[in-house]
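**Q** Sharing entry.cif, mmCIF, C-alpha atoms:
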```cif
data_my_file
#
loop_
_atom_site.label_atom_id
_atom_site.label_comp_id
_atom_site.auth_asym_id
_atom_site.auth_seq_id
_atom_site.Cartn_x
_atom_site.Cartn_y
_atom_site.Cartn_z
CA MET A 1 -58.58 23.36 128.00
CA LYS A 2 -62.01 22.30 126.73
CA VAL A 3 -62.96 21.68 123.11
CA PHE A 4 -66.41 21.43 121.55
CA ALA A 5 -66.95 20.57 117.90
CA LYS A 6 -69.83 19.90 115.52
CA SER A 7 -69.96 19.17 111.80
CA ASP A 8 -73.19 18.98 109.81
CA VAL A 9 -74.06 18.36 106.16
CA GLY A 10 -76.50 21.31 106.17
CA LYS A 11 -79.82 21.50 104.32
CA ALA A 12 -78.71 21.68 100.68
CA ARG A 13 -75.77 19.29 100.16
CA GLU A 14 -75.86 15.51 99.81
CA MET A 15 -72.40 14.97 101.29
CA ASN A 16 -70.38 16.59 104.06
CA GLN A 17 -67.04 17.60 102.53
CA ASP A 18 -65.85 19.36 105.70
CA TYR A 19 -63.37 17.53 107.93
CA TYR A 20 -61.79 18.37 111.26
CA TYR A 21 -59.35 17.02 113.82
CA ILE A 22 -59.08 17.87 117.52
CA SER A 23 -56.34 16.47 119.75
CA GLY A 24 -57.52 14.53 122.76
CA PRO A 25 -57.02 15.71 126.36
CA GLU A 26 -54.28 13.11 126.90
CA GLU A 27 -52.19 14.37 123.97
CA GLN A 28 -49.30 16.72 124.66
CA ILE A 29 -49.51 18.52 121.32
CA LYS A 30 -52.65 20.69 121.34
CA LEU A 31 -53.52 20.64 117.65
CA PHE A 32 -56.77 21.59 115.91
CA ILE A 33 -57.41 21.39 112.17
CA LEU A 34 -60.39 22.27 109.98
CA ALA A 35 -60.78 21.79 106.22
CA ASP A 36 -63.62 22.51 103.79
CA GLY A 37 -63.21 20.42 100.64
CA MET A 38 -64.30 21.14 97.09
CA GLY A 39 -64.29 19.11 93.90
CA GLY A 40 -66.34 16.69 91.84
CA TYR A 41 -68.04 13.58 93.16
CA ASN A 42 -66.39 12.88 96.57
CA GLY A 43 -63.26 14.83 95.54
CA GLY A 44 -63.82 17.47 98.21
CA GLU A 45 -64.33 14.86 100.89
CA ILE A 46 -61.03 13.18 99.94
CA ALA A 47 -59.15 16.51 99.75
CA SER A 48 -60.29 17.73 103.18
CA SER A 49 -59.63 14.44 105.00
CA LEU A 50 -56.28 13.92 103.26
CA ALA A 51 -55.11 17.48 104.01
CA THR A 52 -56.15 17.23 107.66
CA THR A 53 -54.45 13.86 108.18
CA SER A 54 -51.29 14.96 106.36
CA VAL A 55 -50.90 18.11 108.49
CA LYS A 56 -51.58 16.21 111.72
CA ASN A 57 -49.00 13.54 110.88
CA TYR A 58 -46.38 16.07 109.79
CA ILE A 59 -46.70 18.17 112.94
CA THR A 60 -46.86 15.26 115.40
CA ASN A 61 -43.86 13.59 113.73
CA ASN A 62 -41.73 16.74 113.75
CA PHE A 63 -42.78 18.86 116.75
CA TYR A 64 -40.24 17.36 119.13
CA LYS A 65 -37.44 17.58 116.55
CA ILE A 66 -37.49 21.39 116.42
CA GLU A 67 -36.64 24.27 118.74
CA HIS A 68 -39.79 25.58 120.38
CA ASP A 69 -39.20 29.27 119.68
CA LYS A 70 -41.71 31.32 117.69
CA GLU A 71 -39.89 31.18 114.35
CA SER A 72 -39.33 27.42 114.47
CA ILE A 73 -42.97 26.63 115.27
CA LEU A 74 -44.23 28.96 112.53
CA LYS A 75 -41.87 27.28 110.07
CA LEU A 76 -43.18 23.87 111.17
CA ILE A 77 -46.77 25.00 110.51
CA LYS A 78 -45.83 26.39 107.09
CA ASN A 79 -43.96 23.24 106.12
CA ALA A 80 -46.87 21.07 107.29
CA VAL A 81 -49.36 22.97 105.12
CA GLU A 82 -47.03 22.86 102.10
CA TYR A 83 -46.57 19.11 102.64
CA ALA A 84 -50.35 18.59 102.79
CA ASN A 85 -50.73 20.63 99.60
CA MET A 86 -48.27 18.35 97.81
CA ILE A 87 -50.07 15.21 99.04
CA VAL A 88 -53.51 16.44 97.92
CA TYR A 89 -52.20 17.76 94.59
CA GLU A 90 -50.46 14.48 93.77
CA LYS A 91 -53.59 12.50 94.71
CA SER A 92 -55.66 14.66 92.33
CA LYS A 93 -53.33 13.69 89.49
CA GLU A 94 -53.80 9.96 90.09
CA ASN A 95 -57.49 9.83 89.22
CA LYS A 96 -59.40 11.71 86.50
CA GLU A 97 -62.45 11.96 88.79
CA LEU A 98 -60.40 13.80 91.41
CA GLU A 99 -58.90 16.34 89.01
CA GLY A 100 -59.20 19.88 90.34
CA MET A 101 -60.15 18.88 93.87
CA GLY A 102 -58.97 21.11 96.69
CA THR A 103 -59.72 22.29 100.19
CA THR A 104 -59.44 25.18 102.57
CA LEU A 105 -57.26 24.53 105.60
CA ASP A 106 -56.92 26.09 109.02
CA VAL A 107 -54.41 24.79 111.56
CA CYS A 108 -54.21 25.95 115.20
CA LEU A 109 -51.37 24.73 117.40
CA ILE A 110 -51.62 25.97 120.98
CA TYR A 111 -48.36 26.16 122.90
CA ASN A 112 -47.29 28.30 125.88
CA ASN A 113 -50.22 30.75 125.87
CA ARG A 114 -49.97 31.29 122.13
CA VAL A 115 -51.84 29.99 119.13
CA TYR A 116 -49.82 29.30 115.99
CA ILE A 117 -52.03 29.45 112.91
CA GLY A 118 -51.69 28.22 109.34
CA HIS A 119 -54.36 29.35 106.88
CA VAL A 120 -55.38 28.76 103.26
CA GLY A 121 -58.80 29.59 101.81
CA ASP A 122 -61.92 31.08 103.38
CA SER A 123 -62.53 28.98 106.47
CA ARG A 124 -61.83 31.20 109.48
CA VAL A 125 -60.23 31.45 112.90
CA TYR A 126 -61.66 33.94 115.40
CA ARG A 127 -60.59 34.87 118.90
CA ILE A 128 -63.02 36.16 121.51
CA ARG A 129 -61.35 38.14 124.27
CA LYS A 130 -63.53 39.84 126.86
CA GLU A 131 -66.20 41.76 124.91
CA PHE A 132 -64.66 41.51 121.44
CA ILE A 133 -64.65 38.99 118.62
CA ARG A 134 -61.75 39.34 116.22
CA LYS A 135 -61.19 37.50 112.95
CA LEU A 136 -57.55 36.40 112.98
CA THR A 137 -57.41 35.05 109.42
CA VAL A 138 -57.97 36.88 106.13
CA ASP A 139 -60.12 35.11 103.54
CA HIS A 140 -58.32 34.15 100.34
CA SER A 141 -61.36 35.09 98.29
CA TYR A 142 -62.25 37.32 95.36
CA VAL A 143 -64.66 39.31 97.52
CA GLN A 144 -62.00 39.92 100.19
CA GLU A 145 -59.77 41.39 97.45
CA LEU A 146 -62.62 43.77 96.52
CA VAL A 147 -63.01 44.81 100.17
CA LYS A 148 -59.26 45.32 100.50
CA ASP A 149 -59.21 47.50 97.37
CA GLY A 150 -62.14 49.55 98.67
CA THR A 151 -64.30 48.50 95.69
CA ILE A 152 -67.04 47.19 97.99
CA THR A 153 -67.83 47.46 101.71
CA LYS A 154 -67.79 44.61 104.23
CA GLU A 155 -71.61 44.74 104.24
CA GLU A 156 -71.74 44.42 100.45
CA ALA A 157 -69.29 41.49 100.64
CA TYR A 158 -71.70 39.56 102.84
CA ASN A 159 -74.29 39.28 100.05
CA HIS A 160 -71.98 39.38 97.04
CA PRO A 161 -72.84 36.77 94.35
CA LYS A 162 -69.18 35.72 94.05
CA LYS A 163 -68.44 35.46 97.77
CA ASN A 164 -67.57 31.76 97.42
CA MET A 165 -64.92 32.31 94.73
CA LEU A 166 -61.52 31.41 96.20
CA MET A 167 -58.26 33.02 95.10
CA LYS A 168 -56.23 30.36 96.90
CA ALA A 169 -56.96 26.78 97.98
CA LEU A 170 -54.90 23.81 99.07
CA GLY A 171 -54.18 21.01 96.59
CA CYS A 172 -55.18 22.83 93.39
CA THR A 173 -51.65 23.76 92.34
CA ALA A 174 -48.22 22.23 92.90
CA TYR A 175 -47.31 24.91 95.46
CA VAL A 176 -49.33 27.05 97.86
CA GLU A 177 -48.18 29.89 100.11
CA PRO A 178 -50.09 29.67 103.41
CA ASP A 179 -50.58 32.56 105.80
CA VAL A 180 -48.87 31.80 109.11
CA MET A 181 -49.16 33.86 112.28
CA VAL A 182 -48.94 33.70 116.05
CA LYS A 183 -51.42 35.30 118.46
CA GLY A 184 -51.84 35.33 122.20
CA PHE A 185 -54.19 32.76 123.71
CA ILE A 186 -54.57 33.44 127.42
CA LYS A 187 -56.95 32.54 130.23
CA ASP A 188 -60.62 33.17 129.36
CA ASP A 189 -59.89 33.62 125.64
CA ILE A 190 -62.07 31.57 123.27
CA LEU A 191 -60.97 30.34 119.84
CA LEU A 192 -63.46 29.59 117.09
CA MET A 193 -62.60 27.71 113.91
CA SER A 194 -65.32 27.45 111.28
CA SER A 195 -66.06 26.64 107.67
CA ASP A 196 -67.88 29.20 105.54
CA GLY A 197 -71.11 27.24 105.96
CA LEU A 198 -71.35 29.09 109.27
CA THR A 199 -69.92 32.50 108.40
CA ASN A 200 -71.93 32.86 105.17
CA MET A 201 -75.11 32.45 107.22
CA LEU A 202 -74.35 34.30 110.48
CA LYS A 203 -72.69 37.65 111.01
CA ASP A 204 -69.88 38.01 113.54
CA GLU A 205 -72.10 39.75 116.10
CA GLU A 206 -74.58 36.87 116.21
CA ILE A 207 -71.74 34.32 116.40
CA TYR A 208 -70.25 36.26 119.33
CA ASN A 209 -73.59 36.44 121.18
CA ILE A 210 -74.27 32.70 120.84
CA ILE A 211 -70.78 31.76 122.04
CA LYS A 212 -70.80 34.18 124.99
CA ASP A 213 -74.26 33.01 126.04
CA ASN A 214 -73.02 29.43 126.56
CA PRO A 215 -69.61 28.48 125.11
CA GLU A 216 -70.05 24.78 125.90
CA LEU A 217 -73.28 24.49 123.91
CA ALA A 218 -72.34 27.03 121.24
CA SER A 219 -71.07 24.59 118.58
CA GLU A 220 -74.48 22.86 118.54
CA LYS A 221 -76.36 26.17 118.65
CA LEU A 222 -74.32 27.75 115.84
CA VAL A 223 -74.91 24.78 113.52
CA GLU A 224 -78.60 24.80 114.42
CA ARG A 225 -78.84 28.52 113.66
CA ALA A 226 -77.03 28.22 110.31
CA ASN A 227 -79.47 25.50 109.31
CA GLU A 228 -82.44 27.63 110.41
CA LEU A 229 -81.19 30.35 108.04
CA GLY A 230 -81.02 27.94 105.09
CA GLY A 231 -78.03 25.65 105.68
CA TYR A 232 -76.81 26.13 102.11
CA ASP A 233 -73.45 24.49 102.77
CA ASN A 234 -71.75 22.04 105.13
CA ILE A 235 -71.23 23.63 108.55
CA THR A 236 -68.30 22.87 110.86
CA VAL A 237 -67.53 24.60 114.14
CA VAL A 238 -64.67 24.00 116.60
CA ILE A 239 -64.63 25.99 119.86
CA ILE A 240 -61.58 25.94 122.14
CA LEU A 241 -61.83 27.33 125.68
#
```
Go ahead and express the file in the form of structure tokens.

**A**
Amino acid sequence: MKVFAKSDVGKAREMNQDYYYISGPEEQIKLFILADGMGGYNGGEIASSLATTSVKNYITNNFYKIEHDKESILKLIKNAVEYANMIVYEKSKENKELEGMGTTLDVCLIYNNRVYIGHVGDSRVYRIRKEFIRKLTVDHSYVQELVKDGTITKEEAYNHPKKNMLMKALGCTAYVEPDVMVKGFIKDDILLMSSDGLTNMLKDEEIYNIIKDNPELASEKLVERANELGGYDNITVVIIL
């Protein structure tokens, strides 16, 4: 397994509020986490790093205490995200300046040719298999609700003025219900985790083409391309081969 990651402040923001974690090659638990923070002065940065660290610690502390069947691992992921939500929410209550801070969160745990995913917000996980790129997560956003209802098309969603409005984020309320799922991850599959600083700038087809052209350089190229198109937000990309 190879992993390539890049995080960049972009062209418009003063601070990078994205945060990610990738397990090292020597670690037995193959865990990858990405968070895109939001909130007042440095609140987003605190929320994303705190959520990422909390999930990592919860999973690494509990993985070997559970059965390793599908249901048990999915429950572990869910519990880890709920735990991180509680930690971030309680931190936001301690300091007036941090009030209302929150973060998106995507967790990928790879075990026995499967990827176990936990998801809150509008950062995304994609899988490329052969000639197809497939978005595995569903954005928890106002615009996604409009697409689901048939009010607007996917094309209209791309340029919608409220496309950054989240319906669900981690740490903003005392409890959050994450999406959890398991998907196959087999030889030659590629996983992409990204913040919306990438996916608001590039369409899926262009992302696919850049990754397929050279997966090992793609994280750098994708960030570069998002910045060329304006870099209106922090950009984080994690590619797992």

**Q** Can you list, as a ChimeraX atom specification, the residues that the PyMOL selection byres ((chain A and resi 138) around 10) selects here?

**A** /A:119-125,135-137,139-141,144-145,179

**Q** Applying the PyMOL selection byres ((chain A and resi 219) around 7) to the file I just gave you, which residues come out? Please list them as a list in words.

**A**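 Evaluating the PyMOL selection byres ((chain A and resi 219) around 7) on these coordinates yields Phe4, Ala5, Lys6, Leu217, Ala218, Glu220, Lys221, Leu222, Val223, Val237, Val238 and Ile239 of chain A.
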
**Q** So that all listed atoms of region 180-191 of chain A fit with 4 Å spare on each side, what axis-aligned box centre and edge lengths in Å, to one decimal, would you give as lines of an AutoDock Vina configuration file?

**A**
```
center_x = -55.5
center_y = 32.8
center_z = 119.7
size_x = 21.2
size_y = 13.0
size_z = 29.1
```

**Q** Identify all residues satisfying the PyMOL selection byres ((chain A and resi 191) around 10) in the given file; provide them as a short mmCIF file (atom, residue, chain, number, x, y, z; two decimals) with C-alpha atoms, in the frame of the given file.

**A**
```
data_model
loop_
_atom_site.label_atom_id
_atom_site.label_comp_id
_atom_site.auth_asym_id
_atom_site.auth_seq_id
_atom_site.Cartn_x
_atom_site.Cartn_y
_atom_site.Cartn_z
CA VAL A 3 -62.96 21.68 123.11
CA CYS A 108 -54.21 25.95 115.20
CA VAL A 115 -51.84 29.99 119.13
CA VAL A 125 -60.23 31.45 112.90
CA TYR A 126 -61.66 33.94 115.40
CA ARG A 127 -60.59 34.87 118.90
CA ILE A 128 -63.02 36.16 121.51
CA ARG A 129 -61.35 38.14 124.27
CA ILE A 133 -64.65 38.99 118.62
CA ARG A 134 -61.75 39.34 116.22
CA LYS A 135 -61.19 37.50 112.95
CA LEU A 136 -57.55 36.40 112.98
CA PHE A 185 -54.19 32.76 123.71
CA ASP A 188 -60.62 33.17 129.36
CA ASP A 189 -59.89 33.62 125.64
CA ILE A 190 -62.07 31.57 123.27
CA LEU A 192 -63.46 29.59 117.09
CA MET A 193 -62.60 27.71 113.91
CA VAL A 238 -64.67 24.00 116.60
CA ILE A 239 -64.63 25.99 119.86
CA ILE A 240 -61.58 25.94 122.14
CA LEU A 241 -61.83 27.33 125.68
#
```

**Q** Counting all atoms listed in the file, find residues at most 10 Å from (-67.0, 40.1, 102.3) (file frame) and give them as a ChimeraX atom specification.

**A** /A:139,141-148,152-160,162-164,200

**Q** Counting only C-alpha atoms, which of A:Glu97, A:Glu177, A:Asp8, A:Asp18 gets nearest to Tyr41 (chain A)?

**A**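 Smallest distance to Tyr41 (chain A) is found for A:Glu97.
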
**Q** Please identify all polymer residues within 10 Å of Tyr83 (chain A), counting only C-alpha atoms, omitting same-chain residues fewer than 6 positions from it, and present them as a ChimeraX atom specification.

**A** /A:51,54-55,58,77,89,171,175-176

**Q** Taking 4 positions as the minimum chain separation for residues in the same chain, which residues sit within 8 Å of Asn227 (chain A) when counting only C-alpha atoms? Answer as a list in words.

**A**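 Returned residues: Gly10, Lys11, Val223, Gly231 and Tyr232 of chain A.
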
**Q** Put those residues in a file: C-alpha atoms, as a PDB file, in the frame of the given file.

**A**
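Saved as again.pdb:
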```pdb
ATOM      1  CA  GLY A  10     -76.500  21.310 106.170  1.00  0.00           C
ATOM      2  CA  LYS A  11     -79.820  21.500 104.320  1.00  0.00           C
ATOM      3  CA  VAL A 223     -74.910  24.780 113.520  1.00  0.00           C
ATOM      4  CA  GLY A 231     -78.030  25.650 105.680  1.00  0.00           C
ATOM      5  CA  TYR A 232     -76.810  26.130 102.110  1.00  0.00           C
TER       6      TYR A 232
END
```

**Q** Give me the residues near Gln17 (chain A) as a list of chain:residue names, where near means some atom within 8 Å (using all atoms listed in the file) and where sequence neighbours in that chain fewer than 6 positions away do not count.

**A**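 Skipping anything fewer than 6 positions along the chain leaves A:Val9, A:Asp36, A:Gly37, A:Met38, A:Asn42, A:Gly44, A:Glu45, A:Ile46, A:Ser48, A:Asn234.
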
**Q** If you keep C-alpha atoms, can you produce a file of those selected residues as a tab-separated table (two decimals), in the frame of the given file?

**A**
```tsv
chain	number	residue	atom	x	y	z
A	9	VAL	CA	-74.06	18.36	106.16
A	36	ASP	CA	-63.62	22.51	103.79
A	37	GLY	CA	-63.21	20.42	100.64
A	38	MET	CA	-64.30	21.14	97.09
A	42	ASN	CA	-66.39	12.88	96.57
A	44	GLY	CA	-63.82	17.47	98.21
A	45	GLU	CA	-64.33	14.86	100.89
A	46	ILE	CA	-61.03	13.18	99.94
A	48	SER	CA	-60.29	17.73	103.18
A	234	ASN	CA	-71.75	22.04	105.13
```

**Q** Add whatever atoms are absent from region 3-36 of chain A to reach N, CA and C atoms, and provide the output as an mmCIF file, keeping the file's coordinate frame.

**A**
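Written output follows (out28.cif):
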```
data_model
loop_
_atom_site.group_PDB
_atom_site.id
_atom_site.type_symbol
_atom_site.label_atom_id
_atom_site.label_comp_id
_atom_site.auth_asym_id
_atom_site.auth_seq_id
_atom_site.Cartn_x
_atom_site.Cartn_y
_atom_site.Cartn_z
ATOM 1 N N VAL A 3 -62.700 21.546 124.552
ATOM 2 C CA VAL A 3 -62.960 21.680 123.110
ATOM 3 C C VAL A 3 -64.332 21.115 122.793
ATOM 4 N N PHE A 4 -65.088 21.865 121.983
ATOM 5 C CA PHE A 4 -66.410 21.430 121.550
ATOM 6 C C PHE A 4 -66.488 21.580 120.028
ATOM 7 N N ALA A 5 -66.942 20.534 119.363
ATOM 8 C CA ALA A 5 -66.950 20.570 117.900
ATOM 9 C C ALA A 5 -68.231 19.941 117.355
ATOM 10 N N LYS A 6 -68.639 20.440 116.189
ATOM 11 C CA LYS A 6 -69.830 19.900 115.520
ATOM 12 C C LYS A 6 -69.673 20.110 114.025
ATOM 13 N N SER A 7 -69.971 19.063 113.253
ATOM 14 C CA SER A 7 -69.960 19.170 111.800
ATOM 15 C C SER A 7 -71.275 18.626 111.267
ATOM 16 N N ASP A 8 -71.853 19.341 110.300
ATOM 17 C CA ASP A 8 -73.190 18.980 109.810
ATOM 18 C C ASP A 8 -73.244 19.171 108.297
ATOM 19 N N VAL A 9 -73.961 18.302 107.623
ATOM 20 C CA VAL A 9 -74.060 18.360 106.160
ATOM 21 C C VAL A 9 -74.841 19.587 105.673
ATOM 22 N N GLY A 10 -75.667 20.172 106.575
ATOM 23 C CA GLY A 10 -76.500 21.310 106.170
ATOM 24 C C GLY A 10 -77.783 20.846 105.498
ATOM 25 N N LYS A 11 -78.494 21.780 104.889
ATOM 26 C CA LYS A 11 -79.820 21.500 104.320
ATOM 27 C C LYS A 11 -79.800 21.293 102.808
ATOM 28 N N ALA A 12 -78.698 21.663 102.142
ATOM 29 C CA ALA A 12 -78.710 21.680 100.680
ATOM 30 C C ALA A 12 -77.770 20.665 100.025
ATOM 31 N N ARG A 13 -76.779 20.188 100.746
ATOM 32 C CA ARG A 13 -75.770 19.290 100.160
ATOM 33 C C ARG A 13 -76.077 17.828 100.489
ATOM 34 N N GLU A 14 -75.661 16.943 99.588
ATOM 35 C CA GLU A 14 -75.860 15.510 99.810
ATOM 36 C C GLU A 14 -74.737 14.910 100.659
ATOM 37 N N MET A 15 -73.582 15.537 100.646
ATOM 38 C CA MET A 15 -72.400 14.970 101.290
ATOM 39 C C MET A 15 -71.691 16.044 102.119
ATOM 40 N N ASN A 16 -71.155 15.654 103.255
ATOM 41 C CA ASN A 16 -70.380 16.590 104.060
ATOM 42 C C ASN A 16 -68.908 16.507 103.633
ATOM 43 N N GLN A 17 -68.422 17.565 102.995
ATOM 44 C CA GLN A 17 -67.040 17.600 102.530
ATOM 45 C C GLN A 17 -66.122 18.361 103.491
ATOM 46 N N ASP A 18 -66.672 18.785 104.634
ATOM 47 C CA ASP A 18 -65.850 19.360 105.700
ATOM 48 C C ASP A 18 -65.195 18.225 106.487
ATOM 49 N N TYR A 19 -64.067 18.529 107.115
ATOM 50 C CA TYR A 19 -63.370 17.530 107.930
ATOM 51 C C TYR A 19 -62.613 18.277 109.014
ATOM 52 N N TYR A 20 -62.560 17.693 110.213
ATOM 53 C CA TYR A 20 -61.790 18.370 111.260
ATOM 54 C C TYR A 20 -61.086 17.342 112.142
ATOM 55 N N TYR A 21 -60.081 17.841 112.850
ATOM 56 C CA TYR A 21 -59.350 17.020 113.820
ATOM 57 C C TYR A 21 -59.153 17.841 115.087
ATOM 58 N N ILE A 22 -59.393 17.218 116.234
ATOM 59 C CA ILE A 22 -59.080 17.870 117.520
ATOM 60 C C ILE A 22 -58.272 16.884 118.359
ATOM 61 N N SER A 23 -57.172 17.360 118.932
ATOM 62 C CA SER A 23 -56.340 16.470 119.750
ATOM 63 C C SER A 23 -57.059 16.163 121.059
ATOM 64 N N GLY A 24 -56.866 14.949 121.524
ATOM 65 C CA GLY A 24 -57.520 14.530 122.760
ATOM 66 C C GLY A 24 -56.864 15.133 123.988
ATOM 67 N N PRO A 25 -57.550 15.097 125.134
ATOM 68 C CA PRO A 25 -57.020 15.710 126.360
ATOM 69 C C PRO A 25 -55.727 15.078 126.838
ATOM 70 N N GLU A 26 -55.491 13.806 126.453
ATOM 71 C CA GLU A 26 -54.280 13.110 126.900
ATOM 72 C C GLU A 26 -53.063 13.433 126.033
ATOM 73 N N GLU A 27 -53.290 14.097 124.896
ATOM 74 C CA GLU A 27 -52.190 14.370 123.970
ATOM 75 C C GLU A 27 -51.446 15.637 124.352
ATOM 76 N N GLN A 28 -50.124 15.571 124.256
ATOM 77 C CA GLN A 28 -49.300 16.720 124.660
ATOM 78 C C GLN A 28 -49.351 17.845 123.632
ATOM 79 N N ILE A 29 -49.455 17.496 122.365
ATOM 80 C CA ILE A 29 -49.510 18.520 121.320
ATOM 81 C C ILE A 29 -50.967 18.929 121.128
ATOM 82 N N LYS A 30 -51.272 20.184 121.434
ATOM 83 C CA LYS A 30 -52.650 20.690 121.340
ATOM 84 C C LYS A 30 -52.872 21.227 119.921
ATOM 85 N N LEU A 31 -53.416 20.361 119.080
ATOM 86 C CA LEU A 31 -53.520 20.640 117.650
ATOM 87 C C LEU A 31 -54.969 20.533 117.193
ATOM 88 N N PHE A 32 -55.388 21.533 116.390
ATOM 89 C CA PHE A 32 -56.770 21.590 115.910
ATOM 90 C C PHE A 32 -56.749 21.970 114.431
ATOM 91 N N ILE A 33 -57.459 21.198 113.621
ATOM 92 C CA ILE A 33 -57.410 21.390 112.170
ATOM 93 C C ILE A 33 -58.827 21.363 111.601
ATOM 94 N N LEU A 34 -59.093 22.241 110.644
ATOM 95 C CA LEU A 34 -60.390 22.270 109.980
ATOM 96 C C LEU A 34 -60.193 22.487 108.478
ATOM 97 N N ALA A 35 -60.900 21.693 107.679
ATOM 98 C CA ALA A 35 -60.780 21.790 106.220
ATOM 99 C C ALA A 35 -62.156 21.697 105.577
ATOM 100 N N ASP A 36 -62.352 22.478 104.537
ATOM 101 C CA ASP A 36 -63.620 22.510 103.790
ATOM 102 C C ASP A 36 -63.293 22.161 102.338
#
```
